[in-house]
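Participant: For reference, the file target_18.pdb (PDB, C-alpha atoms, pLDDT in the B column) is included below:
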```pdb
ATOM      1  CA  PHE O   4      -2.663  12.016  -9.977  1.00 70.00           C
ATOM      2  CA  ILE O   5      -5.291  11.256 -12.636  1.00 72.00           C
ATOM      3  CA  GLN O   6      -7.998  13.343 -14.239  1.00 75.00           C
ATOM      4  CA  ASN O   7     -11.591  12.468 -13.280  1.00 76.00           C
ATOM      5  CA  GLY O   8     -10.507   9.787 -10.804  1.00 77.00           C
ATOM      6  CA  TYR O   9     -12.440   8.856  -7.699  1.00 79.00           C
ATOM      7  CA  THR O  10     -12.446  11.390  -4.916  1.00 86.00           C
ATOM      8  CA  ILE O  11     -12.139   9.984  -1.403  1.00 86.00           C
ATOM      9  CA  ASP O  12     -15.876  10.382  -0.744  1.00 87.00           C
ATOM     10  CA  GLU O  13     -16.614   8.285  -3.872  1.00 87.00           C
ATOM     11  CA  VAL O  14     -14.377   5.321  -3.031  1.00 89.00           C
ATOM     12  CA  PRO O  15     -16.584   2.321  -2.194  1.00 88.00           C
ATOM     13  CA  LEU O  16     -16.189   1.420   1.477  1.00 90.00           C
ATOM     14  CA  ASP O  17     -16.423  -2.314   0.738  1.00 94.00           C
ATOM     15  CA  VAL O  18     -12.978  -2.071  -0.880  1.00 95.00           C
ATOM     16  CA  MET O  19     -11.528  -0.765   2.390  1.00 95.00           C
ATOM     17  CA  LEU O  20     -13.161  -3.381   4.616  1.00 97.00           C
ATOM     18  CA  GLY O  21     -12.499  -7.099   4.477  1.00 97.00           C
ATOM     19  CA  SER O  22      -9.896  -9.801   4.220  1.00 97.00           C
ATOM     20  CA  VAL O  23      -6.346  -8.554   3.584  1.00 98.00           C
ATOM     21  CA  LEU O  24      -3.065 -10.348   3.008  1.00 98.00           C
ATOM     22  CA  ILE O  25       0.070  -8.881   4.555  1.00 98.00           C
ATOM     23  CA  ILE O  26       3.263  -9.889   2.775  1.00 98.00           C
ATOM     24  CA  LYS O  27       6.833  -9.356   3.970  1.00 98.00           C
ATOM     25  CA  ILE O  28       9.353  -8.130   1.413  1.00 97.00           C
ATOM     26  CA  PRO O  29      12.983  -9.075   2.255  1.00 95.00           C
ATOM     27  CA  ASP O  30      14.859  -6.241   3.959  1.00 94.00           C
ATOM     28  CA  THR O  31      17.479  -6.178   1.189  1.00 95.00           C
ATOM     29  CA  VAL O  32      14.879  -5.235  -1.452  1.00 97.00           C
ATOM     30  CA  LYS O  33      14.578  -1.522  -2.296  1.00 96.00           C
ATOM     31  CA  GLU O  34      12.437  -1.808  -5.456  1.00 97.00           C
ATOM     32  CA  ILE O  35       9.268  -3.905  -5.347  1.00 98.00           C
ATOM     33  CA  THR O  36       9.115  -5.359  -8.849  1.00 98.00           C
ATOM     34  CA  ALA O  37       6.786  -7.828 -10.554  1.00 98.00           C
ATOM     35  CA  ASP O  38       9.429 -10.531 -10.068  1.00 98.00           C
ATOM     36  CA  ILE O  39       9.570  -9.870  -6.322  1.00 98.00           C
ATOM     37  CA  LEU O  40       5.764  -9.984  -6.036  1.00 98.00           C
ATOM     38  CA  SER O  41       5.585 -13.166  -8.153  1.00 97.00           C
ATOM     39  CA  SER O  42       8.115 -14.886  -5.917  1.00 97.00           C
ATOM     40  CA  ILE O  43       5.900 -14.483  -2.831  1.00 95.00           C
ATOM     41  CA  ASN O  44       3.104 -16.817  -4.005  1.00 89.00           C
ATOM     42  CA  ILE O  45       0.225 -14.440  -3.405  1.00 96.00           C
ATOM     43  CA  PRO O  46      -3.049 -16.410  -3.725  1.00 96.00           C
ATOM     44  CA  GLU O  47      -5.034 -15.784  -6.922  1.00 94.00           C
ATOM     45  CA  ASN O  48      -8.159 -14.522  -5.117  1.00 94.00           C
ATOM     46  CA  THR O  49      -6.315 -11.808  -3.154  1.00 98.00           C
ATOM     47  CA  GLU O  50      -8.051  -8.435  -3.478  1.00 98.00           C
ATOM     48  CA  ARG O  51      -6.387  -6.480  -0.668  1.00 98.00           C
ATOM     49  CA  LEU O  52      -2.641  -6.487  -0.089  1.00 98.00           C
ATOM     50  CA  LEU O  53      -0.475  -4.730   2.494  1.00 98.00           C
ATOM     51  CA  ILE O  54       3.265  -4.693   1.891  1.00 98.00           C
ATOM     52  CA  GLN O  55       5.636  -4.800   4.846  1.00 98.00           C
ATOM     53  CA  THR O  56       9.231  -3.820   4.062  1.00 97.00           C
ATOM     54  CA  ALA O  57      12.378  -2.636   5.787  1.00 96.00           C
ATOM     55  CA  ASN O  58      10.524   0.691   6.013  1.00 94.00           C
ATOM     56  CA  SER O  59       8.723  -0.661   9.082  1.00 93.00           C
ATOM     57  CA  GLU O  60      11.916  -0.165  11.095  1.00 91.00           C
ATOM     58  CA  ILE O  61      11.627   3.589  10.510  1.00 89.00           C
ATOM     59  CA  TRP O  62       8.445   3.720  12.608  1.00 85.00           C
ATOM     60  CA  GLN O  63      10.457   2.547  15.628  1.00 85.00           C
ATOM     61  CA  GLU O  64      12.802   5.558  15.531  1.00 84.00           C
ATOM     62  CA  LYS O  65      12.336   8.221  18.190  1.00 76.00           C
ATOM     63  CA  GLU O  66      12.988  11.264  16.002  1.00 80.00           C
ATOM     64  CA  SER O  67      11.117  12.233  12.869  1.00 81.00           C
ATOM     65  CA  LYS O  68      13.186  12.153   9.733  1.00 87.00           C
ATOM     66  CA  PHE O  69      12.221  11.760   6.082  1.00 90.00           C
ATOM     67  CA  TYR O  70      14.165   9.110   4.178  1.00 90.00           C
ATOM     68  CA  GLU O  71      14.457   9.487   0.412  1.00 93.00           C
ATOM     69  CA  ASP O  72      15.743   5.946  -0.191  1.00 94.00           C
ATOM     70  CA  TYR O  73      12.794   4.011   1.264  1.00 96.00           C
ATOM     71  CA  THR O  74      11.564   0.739  -0.245  1.00 97.00           C
ATOM     72  CA  ALA O  75       8.855   1.336  -2.846  1.00 98.00           C
ATOM     73  CA  LEU O  76       6.817  -0.147  -5.657  1.00 98.00           C
ATOM     74  CA  VAL O  77       8.095   0.367  -9.208  1.00 98.00           C
ATOM     75  CA  LYS O  78       6.224   0.459 -12.514  1.00 98.00           C
ATOM     76  CA  ASP O  79       6.210  -3.249 -13.386  1.00 98.00           C
ATOM     77  CA  GLY O  80       5.201  -4.086  -9.810  1.00 98.00           C
ATOM     78  CA  ALA O  81       2.213  -1.734 -10.130  1.00 98.00           C
ATOM     79  CA  GLU O  82       1.297  -3.313 -13.464  1.00 98.00           C
ATOM     80  CA  TRP O  83       1.522  -6.764 -11.856  1.00 98.00           C
ATOM     81  CA  LEU O  84      -0.964  -5.695  -9.157  1.00 98.00           C
ATOM     82  CA  VAL O  85      -3.366  -4.463 -11.840  1.00 98.00           C
ATOM     83  CA  GLU O  86      -3.064  -7.752 -13.779  1.00 98.00           C
ATOM     84  CA  LYS O  87      -3.775  -9.755 -10.611  1.00 98.00           C
ATOM     85  CA  GLY O  88      -6.987  -7.857  -9.871  1.00 98.00           C
ATOM     86  CA  ILE O  89      -5.825  -6.250  -6.633  1.00 98.00           C
ATOM     87  CA  LYS O  90      -8.356  -3.645  -5.447  1.00 98.00           C
ATOM     88  CA  LEU O  91      -6.394  -2.163  -2.535  1.00 98.00           C
ATOM     89  CA  VAL O  92      -2.681  -1.952  -1.774  1.00 98.00           C
ATOM     90  CA  GLY O  93      -0.940  -0.465   1.220  1.00 98.00           C
ATOM     91  CA  ILE O  94       2.681   0.115   2.179  1.00 98.00           C
ATOM     92  CA  ASP O  95       4.652   0.974   5.286  1.00 97.00           C
ATOM     93  CA  TYR O  96       6.019   4.352   4.249  1.00 95.00           C
ATOM     94  CA  LEU O  97       4.735   7.763   3.241  1.00 95.00           C
ATOM     95  CA  SER O  98       4.557   6.959  -0.477  1.00 96.00           C
ATOM     96  CA  ILE O  99       4.075   3.782  -2.462  1.00 97.00           C
ATOM     97  CA  GLN O 100       6.410   4.985  -5.220  1.00 97.00           C
ATOM     98  CA  ARG O 101      10.064   5.964  -5.032  1.00 96.00           C
ATOM     99  CA  PHE O 102      10.896   9.523  -4.033  1.00 96.00           C
ATOM    100  CA  THR O 103      12.913  10.063  -7.230  1.00 95.00           C
ATOM    101  CA  ASP O 104      10.198   8.762  -9.588  1.00 94.00           C
ATOM    102  CA  GLY O 105       7.435  10.687 -11.288  1.00 90.00           C
ATOM    103  CA  PRO O 106       3.779   9.924 -10.616  1.00 95.00           C
ATOM    104  CA  GLU O 107       3.634   6.845 -12.869  1.00 96.00           C
ATOM    105  CA  VAL O 108       3.119   4.202 -10.139  1.00 98.00           C
ATOM    106  CA  HIS O 109       0.283   6.201  -8.606  1.00 96.00           C
ATOM    107  CA  GLN O 110      -1.235   6.742 -12.043  1.00 96.00           C
ATOM    108  CA  ILE O 111      -1.101   3.029 -12.948  1.00 97.00           C
ATOM    109  CA  LEU O 112      -2.796   2.028  -9.701  1.00 96.00           C
ATOM    110  CA  LEU O 113      -5.352   4.823  -9.515  1.00 94.00           C
ATOM    111  CA  SER O 114      -6.374   4.608 -13.174  1.00 94.00           C
ATOM    112  CA  SER O 115      -7.276   0.967 -12.441  1.00 95.00           C
ATOM    113  CA  ASN O 116      -9.290   2.053  -9.378  1.00 93.00           C
ATOM    114  CA  ILE O 117      -6.839   0.459  -6.944  1.00 95.00           C
ATOM    115  CA  VAL O 118      -7.098   2.150  -3.551  1.00 95.00           C
ATOM    116  CA  ILE O 119      -3.694   3.094  -2.097  1.00 96.00           C
ATOM    117  CA  ILE O 120      -3.013   3.263   1.631  1.00 97.00           C
ATOM    118  CA  GLU O 121       0.292   4.898   2.543  1.00 96.00           C
ATOM    119  CA  GLY O 122       2.025   5.543   5.834  1.00 95.00           C
ATOM    120  CA  LEU O 123       1.095   2.262   7.541  1.00 96.00           C
ATOM    121  CA  ASP O 124       2.951   1.198  10.671  1.00 94.00           C
ATOM    122  CA  LEU O 125       3.335  -2.551  10.146  1.00 96.00           C
ATOM    123  CA  SER O 126       6.310  -2.878  12.486  1.00 93.00           C
ATOM    124  CA  ASP O 127       4.511  -5.147  14.976  1.00 93.00           C
ATOM    125  CA  VAL O 128       2.510  -7.202  12.490  1.00 95.00           C
ATOM    126  CA  ASP O 129       3.350 -10.634  11.109  1.00 96.00           C
ATOM    127  CA  ALA O 130       2.716 -11.633   7.507  1.00 96.00           C
ATOM    128  CA  GLY O 131      -0.580 -13.443   7.012  1.00 96.00           C
ATOM    129  CA  LEU O 132      -4.323 -13.000   6.662  1.00 96.00           C
ATOM    130  CA  TYR O 133      -6.190 -10.336   8.616  1.00 97.00           C
ATOM    131  CA  GLN O 134      -9.413  -8.367   8.533  1.00 97.00           C
ATOM    132  CA  LEU O 135      -8.836  -4.779   7.403  1.00 98.00           C
ATOM    133  CA  TYR O 136     -10.861  -1.805   8.599  1.00 97.00           C
ATOM    134  CA  CYS O 137      -9.803   1.383   6.801  1.00 96.00           C
ATOM    135  CA  MET O 138     -11.991   4.398   7.428  1.00 92.00           C
ATOM    136  CA  PRO O 139     -10.832   7.594   5.716  1.00 91.00           C
ATOM    137  CA  ILE O 140     -12.293  10.917   6.699  1.00 89.00           C
ATOM    138  CA  LYS O 141     -15.068  11.631   4.207  1.00 87.00           C
ATOM    139  CA  LEU O 142     -13.791  14.834   2.616  1.00 85.00           C
ATOM    140  CA  GLN O 143     -15.733  15.786  -0.486  1.00 88.00           C
ATOM    141  CA  GLY O 144     -13.875  16.392  -3.713  1.00 82.00           C
ATOM    142  CA  LEU O 145     -10.379  15.502  -2.452  1.00 83.00           C
ATOM    143  CA  GLU O 146      -8.152  12.751  -3.809  1.00 83.00           C
ATOM    144  CA  ALA O 147      -6.994  11.532  -0.383  1.00 86.00           C
ATOM    145  CA  ALA O 148      -7.664  11.819   3.327  1.00 91.00           C
ATOM    146  CA  PRO O 149      -6.247  10.680   6.659  1.00 89.00           C
ATOM    147  CA  ALA O 150      -7.634   7.341   7.785  1.00 93.00           C
ATOM    148  CA  ARG O 151      -7.653   5.138  10.846  1.00 93.00           C
ATOM    149  CA  VAL O 152      -6.546   1.683   9.734  1.00 95.00           C
ATOM    150  CA  LEU O 153      -7.092  -1.315  11.974  1.00 95.00           C
ATOM    151  CA  LEU O 154      -6.292  -4.999  11.577  1.00 96.00           C
ATOM    152  CA  SER O 155      -7.721  -8.004  13.367  1.00 95.00           C
ATOM    153  CA  TYR O 156      -6.752 -11.632  12.953  1.00 89.00           C
ATOM    154  CA  GLU O 157      -8.596 -13.493  10.212  1.00 73.00           C
ATOM    155  CA  VAL O 158     -11.089 -15.877  11.760  1.00 64.00           C
TER     156      VAL O 158
END
```
Go ahead and express the file in the form of structure tokens.

Facilitator:
Amino acid sequence: FIQNGYTIDEVPLDVMLGSVLIIKIPDTVKEITADILSSINIPENTERLLIQTANSEIWQEKESKFYEDYTALVKDGAEWLVEKGIKLVGIDYLSIQRFTDGPEVHQILLSSNIVIIEGLDLSDVDAGLYQLYCMPIKLQGLEAAPARVLLSYEV
């Protein structure tokens, strides 16, 4: 998505391990904007954020189907995350940006060195603080890799 960006083997592991806040976006929301994120009262010191949306219901379906109208982050929402100093953001569908959009959301986040985790199953998780353990396969020179992502309750 961006020239000369981090490859997955260059991403610092300390960004993918540590305290994470899971927020719940109302099911009626399709576009995650700056206004939506501002309304949730995310603490100032938050560095890692996972976004649970209506997309989580998709993971409960028995058959595989790709939905083009999933809930996603839009440009001003991505800019808001950059302004707030977020270092990692994850979402509960296969892409953080809308299917019909260009690569702009990815570019905004990645050019600010924000790690993106996509395809999370947050269907059985409540909003709140957790410990995040995200361990991508260390593939040299690639922009992304599959990862095993685990959460434990914040102690």

Participant: Report as a PDB file with C-alpha atoms, in the coordinates of the input all protein, DNA and RNA residues lying within 9 Å of O:Met138, evaluated on only C-alpha atoms, omitting residues in the same chain fewer than 3 positions from it.

Facilitator:
```pdb
ATOM      1  CA  LEU O  16     -16.189   1.420   1.477  1.00 90.00           C
ATOM      2  CA  MET O  19     -11.528  -0.765   2.390  1.00 95.00           C
ATOM      3  CA  LEU O  20     -13.161  -3.381   4.616  1.00 97.00           C
ATOM      4  CA  LYS O 141     -15.068  11.631   4.207  1.00 87.00           C
ATOM      5  CA  PRO O 149      -6.247  10.680   6.659  1.00 89.00           C
ATOM      6  CA  ALA O 150      -7.634   7.341   7.785  1.00 93.00           C
ATOM      7  CA  ARG O 151      -7.653   5.138  10.846  1.00 93.00           C
ATOM      8  CA  VAL O 152      -6.546   1.683   9.734  1.00 95.00           C
ATOM      9  CA  LEU O 153      -7.092  -1.315  11.974  1.00 95.00           C
TER      10      LEU O 153
END
```

Participant: Kindly provide, as a list in words, the polymer residues lying within 12 Å of (7.7, 6.0, 12.1), counting only C-alpha atoms and using the coordinates exactly as they appear in the file.

Facilitator: Ala57, Asn58, Ser59, Glu60, Ile61, Trp62, Gln63, Glu64, Lys65, Glu66, Ser67, Lys68, Phe69, Tyr70, Asp95, Tyr96, Leu97, Gly122, Leu123, Asp124, Leu125, Ser126 and Asp127 of chain O

Participant: Per residue of stretch 115-138 of chain O within 12 Å of stretch 76-81 of chain O, record the nearest atom pair and its distance in Å to one decimal, counting all atoms listed in the file, with rows in chain order and ascending residue number, as JSON lines.

Facilitator:
```
{"residue": "O:Ser115", "atom": "CA", "partner": "O:Ala81", "partner_atom": "CA", "distance": 10.1}
{"residue": "O:Ile117", "atom": "CA", "partner": "O:Ala81", "partner_atom": "CA", "distance": 9.8}
{"residue": "O:Ile119", "atom": "CA", "partner": "O:Ala81", "partner_atom": "CA", "distance": 11.1}
{"residue": "O:Glu121", "atom": "CA", "partner": "O:Leu76", "partner_atom": "CA", "distance": 11.6}
```

Participant: In Å, with one decimal, what is the gap from atom CA of O:Leu91 to atom CA of O:Pro15?

Facilitator: 11.1 Å

Participant: Take the PyMOL selection byres ((chain O and resi 25) around 9), run it mentally on this structure, and tell me the resulting residues as a PDB file with C-alpha atoms, keeping the file's coordinate frame.

Facilitator:
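Writing done, so here's selection38.pdb:
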```pdb
ATOM      1  CA  VAL O  23      -6.346  -8.554   3.584  1.00 98.00           C
ATOM      2  CA  LEU O  24      -3.065 -10.348   3.008  1.00 98.00           C
ATOM      3  CA  ILE O  26       3.263  -9.889   2.775  1.00 98.00           C
ATOM      4  CA  LYS O  27       6.833  -9.356   3.970  1.00 98.00           C
ATOM      5  CA  ARG O  51      -6.387  -6.480  -0.668  1.00 98.00           C
ATOM      6  CA  LEU O  52      -2.641  -6.487  -0.089  1.00 98.00           C
ATOM      7  CA  LEU O  53      -0.475  -4.730   2.494  1.00 98.00           C
ATOM      8  CA  ILE O  54       3.265  -4.693   1.891  1.00 98.00           C
ATOM      9  CA  GLN O  55       5.636  -4.800   4.846  1.00 98.00           C
ATOM     10  CA  VAL O 128       2.510  -7.202  12.490  1.00 95.00           C
ATOM     11  CA  ASP O 129       3.350 -10.634  11.109  1.00 96.00           C
ATOM     12  CA  ALA O 130       2.716 -11.633   7.507  1.00 96.00           C
ATOM     13  CA  GLY O 131      -0.580 -13.443   7.012  1.00 96.00           C
ATOM     14  CA  LEU O 132      -4.323 -13.000   6.662  1.00 96.00           C
ATOM     15  CA  TYR O 133      -6.190 -10.336   8.616  1.00 97.00           C
TER      16      TYR O 133
END
```

Participant: I'd like to see the residues matched by the PyMOL selection byres ((chain O and resi 147) around 12) on this file, and ideally I'd get them as JSON, numbers by chain.

Facilitator: {"O": [4, 8, 9, 10, 11, 12, 13, 14, 113, 118, 119, 120, 121, 138, 139, 140, 141, 142, 143, 144, 145, 146, 148, 149, 150]}

Participant: Output the selection as a PDB file, in the frame of the given file - C-alpha atoms for each residue.

Facilitator:
```pdb
ATOM      1  CA  PHE O   4      -2.663  12.016  -9.977  1.00 70.00           C
ATOM      2  CA  GLY O   8     -10.507   9.787 -10.804  1.00 77.00           C
ATOM      3  CA  TYR O   9     -12.440   8.856  -7.699  1.00 79.00           C
ATOM      4  CA  THR O  10     -12.446  11.390  -4.916  1.00 86.00           C
ATOM      5  CA  ILE O  11     -12.139   9.984  -1.403  1.00 86.00           C
ATOM      6  CA  ASP O  12     -15.876  10.382  -0.744  1.00 87.00           C
ATOM      7  CA  GLU O  13     -16.614   8.285  -3.872  1.00 87.00           C
ATOM      8  CA  VAL O  14     -14.377   5.321  -3.031  1.00 89.00           C
ATOM      9  CA  LEU O 113      -5.352   4.823  -9.515  1.00 94.00           C
ATOM     10  CA  VAL O 118      -7.098   2.150  -3.551  1.00 95.00           C
ATOM     11  CA  ILE O 119      -3.694   3.094  -2.097  1.00 96.00           C
ATOM     12  CA  ILE O 120      -3.013   3.263   1.631  1.00 97.00           C
ATOM     13  CA  GLU O 121       0.292   4.898   2.543  1.00 96.00           C
ATOM     14  CA  MET O 138     -11.991   4.398   7.428  1.00 92.00           C
ATOM     15  CA  PRO O 139     -10.832   7.594   5.716  1.00 91.00           C
ATOM     16  CA  ILE O 140     -12.293  10.917   6.699  1.00 89.00           C
ATOM     17  CA  LYS O 141     -15.068  11.631   4.207  1.00 87.00           C
ATOM     18  CA  LEU O 142     -13.791  14.834   2.616  1.00 85.00           C
ATOM     19  CA  GLN O 143     -15.733  15.786  -0.486  1.00 88.00           C
ATOM     20  CA  GLY O 144     -13.875  16.392  -3.713  1.00 82.00           C
ATOM     21  CA  LEU O 145     -10.379  15.502  -2.452  1.00 83.00           C
ATOM     22  CA  GLU O 146      -8.152  12.751  -3.809  1.00 83.00           C
ATOM     23  CA  ALA O 148      -7.664  11.819   3.327  1.00 91.00           C
ATOM     24  CA  PRO O 149      -6.247  10.680   6.659  1.00 89.00           C
ATOM     25  CA  ALA O 150      -7.634   7.341   7.785  1.00 93.00           C
TER      26      ALA O 150
END
```

Participant: Complete stretch 20-31 of chain O at the level of all heavy atoms, written as a PDB file, keeping the file's coordinate frame.

Facilitator:
```pdb
ATOM      1  N   LEU O  20     -12.772  -2.512   3.510  1.00 97.00           N
ATOM      2  CA  LEU O  20     -13.161  -3.381   4.616  1.00 97.00           C
ATOM      3  C   LEU O  20     -13.142  -4.817   4.137  1.00 97.00           C
ATOM      4  O   LEU O  20     -13.737  -5.131   3.107  1.00 97.00           O
ATOM      5  CB  LEU O  20     -14.568  -3.040   5.100  1.00 97.00           C
ATOM      6  CG  LEU O  20     -14.829  -1.599   5.531  1.00 97.00           C
ATOM      7  CD1 LEU O  20     -16.315  -1.371   5.725  1.00 97.00           C
ATOM      8  CD2 LEU O  20     -14.066  -1.272   6.790  1.00 97.00           C
ATOM      9  N   GLY O  21     -12.463  -5.696   4.857  1.00 97.00           N
ATOM     10  CA  GLY O  21     -12.499  -7.099   4.477  1.00 97.00           C
ATOM     11  C   GLY O  21     -11.156  -7.783   4.633  1.00 97.00           C
ATOM     12  O   GLY O  21     -10.199  -7.228   5.186  1.00 97.00           O
ATOM     13  N   SER O  22     -11.089  -8.978   4.114  1.00 97.00           N
ATOM     14  CA  SER O  22      -9.896  -9.801   4.220  1.00 97.00           C
ATOM     15  C   SER O  22      -8.720  -9.140   3.502  1.00 97.00           C
ATOM     16  O   SER O  22      -8.861  -8.641   2.389  1.00 97.00           O
ATOM     17  CB  SER O  22     -10.184 -11.174   3.609  1.00 97.00           C
ATOM     18  OG  SER O  22      -9.083 -12.015   3.754  1.00 97.00           O
ATOM     19  N   VAL O  23      -7.550  -9.154   4.161  1.00 98.00           N
ATOM     20  CA  VAL O  23      -6.346  -8.554   3.584  1.00 98.00           C
ATOM     21  C   VAL O  23      -5.163  -9.485   3.842  1.00 98.00           C
ATOM     22  O   VAL O  23      -5.077 -10.104   4.898  1.00 98.00           O
ATOM     23  CB  VAL O  23      -6.083  -7.141   4.164  1.00 98.00           C
ATOM     24  CG1 VAL O  23      -5.783  -7.187   5.646  1.00 98.00           C
ATOM     25  CG2 VAL O  23      -4.969  -6.430   3.410  1.00 98.00           C
ATOM     26  N   LEU O  24      -4.291  -9.574   2.872  1.00 98.00           N
ATOM     27  CA  LEU O  24      -3.065 -10.348   3.008  1.00 98.00           C
ATOM     28  C   LEU O  24      -1.906  -9.391   3.251  1.00 98.00           C
ATOM     29  O   LEU O  24      -1.710  -8.444   2.484  1.00 98.00           O
ATOM     30  CB  LEU O  24      -2.804 -11.162   1.741  1.00 98.00           C
ATOM     31  CG  LEU O  24      -1.505 -11.985   1.740  1.00 98.00           C
ATOM     32  CD1 LEU O  24      -1.549 -13.087   2.794  1.00 98.00           C
ATOM     33  CD2 LEU O  24      -1.250 -12.558   0.353  1.00 98.00           C
ATOM     34  N   ILE O  25      -1.149  -9.651   4.313  1.00 98.00           N
ATOM     35  CA  ILE O  25       0.070  -8.881   4.555  1.00 98.00           C
ATOM     36  C   ILE O  25       1.241  -9.748   4.117  1.00 98.00           C
ATOM     37  O   ILE O  25       1.365 -10.903   4.534  1.00 98.00           O
ATOM     38  CB  ILE O  25       0.227  -8.487   6.031  1.00 98.00           C
ATOM     39  CG1 ILE O  25      -0.940  -7.592   6.451  1.00 98.00           C
ATOM     40  CG2 ILE O  25       1.570  -7.791   6.262  1.00 98.00           C
ATOM     41  CD1 ILE O  25      -0.906  -7.161   7.898  1.00 98.00           C
ATOM     42  N   ILE O  26       2.066  -9.185   3.235  1.00 98.00           N
ATOM     43  CA  ILE O  26       3.263  -9.889   2.775  1.00 98.00           C
ATOM     44  C   ILE O  26       4.492  -9.166   3.302  1.00 98.00           C
ATOM     45  O   ILE O  26       4.467  -7.953   3.523  1.00 98.00           O
ATOM     46  CB  ILE O  26       3.319 -10.006   1.232  1.00 98.00           C
ATOM     47  CG1 ILE O  26       3.332  -8.622   0.571  1.00 98.00           C
ATOM     48  CG2 ILE O  26       2.177 -10.872   0.720  1.00 98.00           C
ATOM     49  CD1 ILE O  26       3.627  -8.645  -0.920  1.00 98.00           C
ATOM     50  N   LYS O  27       5.558  -9.923   3.505  1.00 98.00           N
ATOM     51  CA  LYS O  27       6.833  -9.356   3.970  1.00 98.00           C
ATOM     52  C   LYS O  27       7.825  -9.405   2.822  1.00 98.00           C
ATOM     53  O   LYS O  27       8.102 -10.465   2.269  1.00 98.00           O
ATOM     54  CB  LYS O  27       7.349 -10.169   5.165  1.00 98.00           C
ATOM     55  CG  LYS O  27       8.749  -9.798   5.621  1.00 98.00           C
ATOM     56  CD  LYS O  27       8.769  -8.478   6.347  1.00 98.00           C
ATOM     57  CE  LYS O  27      10.147  -8.246   6.960  1.00 98.00           C
ATOM     58  NZ  LYS O  27      10.706  -6.975   6.674  1.00 98.00           N
ATOM     59  N   ILE O  28       8.323  -8.246   2.444  1.00 97.00           N
ATOM     60  CA  ILE O  28       9.353  -8.130   1.413  1.00 97.00           C
ATOM     61  C   ILE O  28      10.713  -8.216   2.123  1.00 97.00           C
ATOM     62  O   ILE O  28      10.904  -7.562   3.150  1.00 97.00           O
ATOM     63  CB  ILE O  28       9.225  -6.784   0.661  1.00 97.00           C
ATOM     64  CG1 ILE O  28       7.855  -6.650  -0.001  1.00 97.00           C
ATOM     65  CG2 ILE O  28      10.349  -6.605  -0.343  1.00 97.00           C
ATOM     66  CD1 ILE O  28       7.570  -7.600  -1.138  1.00 97.00           C
ATOM     67  N   PRO O  29      11.662  -8.991   1.602  1.00 95.00           N
ATOM     68  CA  PRO O  29      12.983  -9.075   2.255  1.00 95.00           C
ATOM     69  C   PRO O  29      13.600  -7.687   2.468  1.00 95.00           C
ATOM     70  O   PRO O  29      13.464  -6.789   1.630  1.00 95.00           O
ATOM     71  CB  PRO O  29      13.809  -9.903   1.274  1.00 95.00           C
ATOM     72  CG  PRO O  29      12.800 -10.707   0.516  1.00 95.00           C
ATOM     73  CD  PRO O  29      11.577  -9.832   0.405  1.00 95.00           C
ATOM     74  N   ASP O  30      14.277  -7.537   3.590  1.00 94.00           N
ATOM     75  CA  ASP O  30      14.859  -6.241   3.959  1.00 94.00           C
ATOM     76  C   ASP O  30      15.879  -5.722   2.956  1.00 94.00           C
ATOM     77  O   ASP O  30      16.131  -4.522   2.894  1.00 94.00           O
ATOM     78  CB  ASP O  30      15.513  -6.322   5.345  1.00 94.00           C
ATOM     79  CG  ASP O  30      14.477  -6.397   6.456  1.00 94.00           C
ATOM     80  OD1 ASP O  30      13.276  -6.155   6.190  1.00 94.00           O
ATOM     81  OD2 ASP O  30      14.873  -6.688   7.595  1.00 94.00           O
ATOM     82  N   THR O  31      16.469  -6.594   2.167  1.00 95.00           N
ATOM     83  CA  THR O  31      17.479  -6.178   1.189  1.00 95.00           C
ATOM     84  C   THR O  31      16.863  -5.568  -0.070  1.00 95.00           C
ATOM     85  O   THR O  31      17.567  -4.949  -0.856  1.00 95.00           O
ATOM     86  CB  THR O  31      18.348  -7.379   0.778  1.00 95.00           C
ATOM     87  OG1 THR O  31      17.491  -8.411   0.297  1.00 95.00           O
ATOM     88  CG2 THR O  31      19.160  -7.884   1.963  1.00 95.00           C
TER      89      THR O  31
END
```
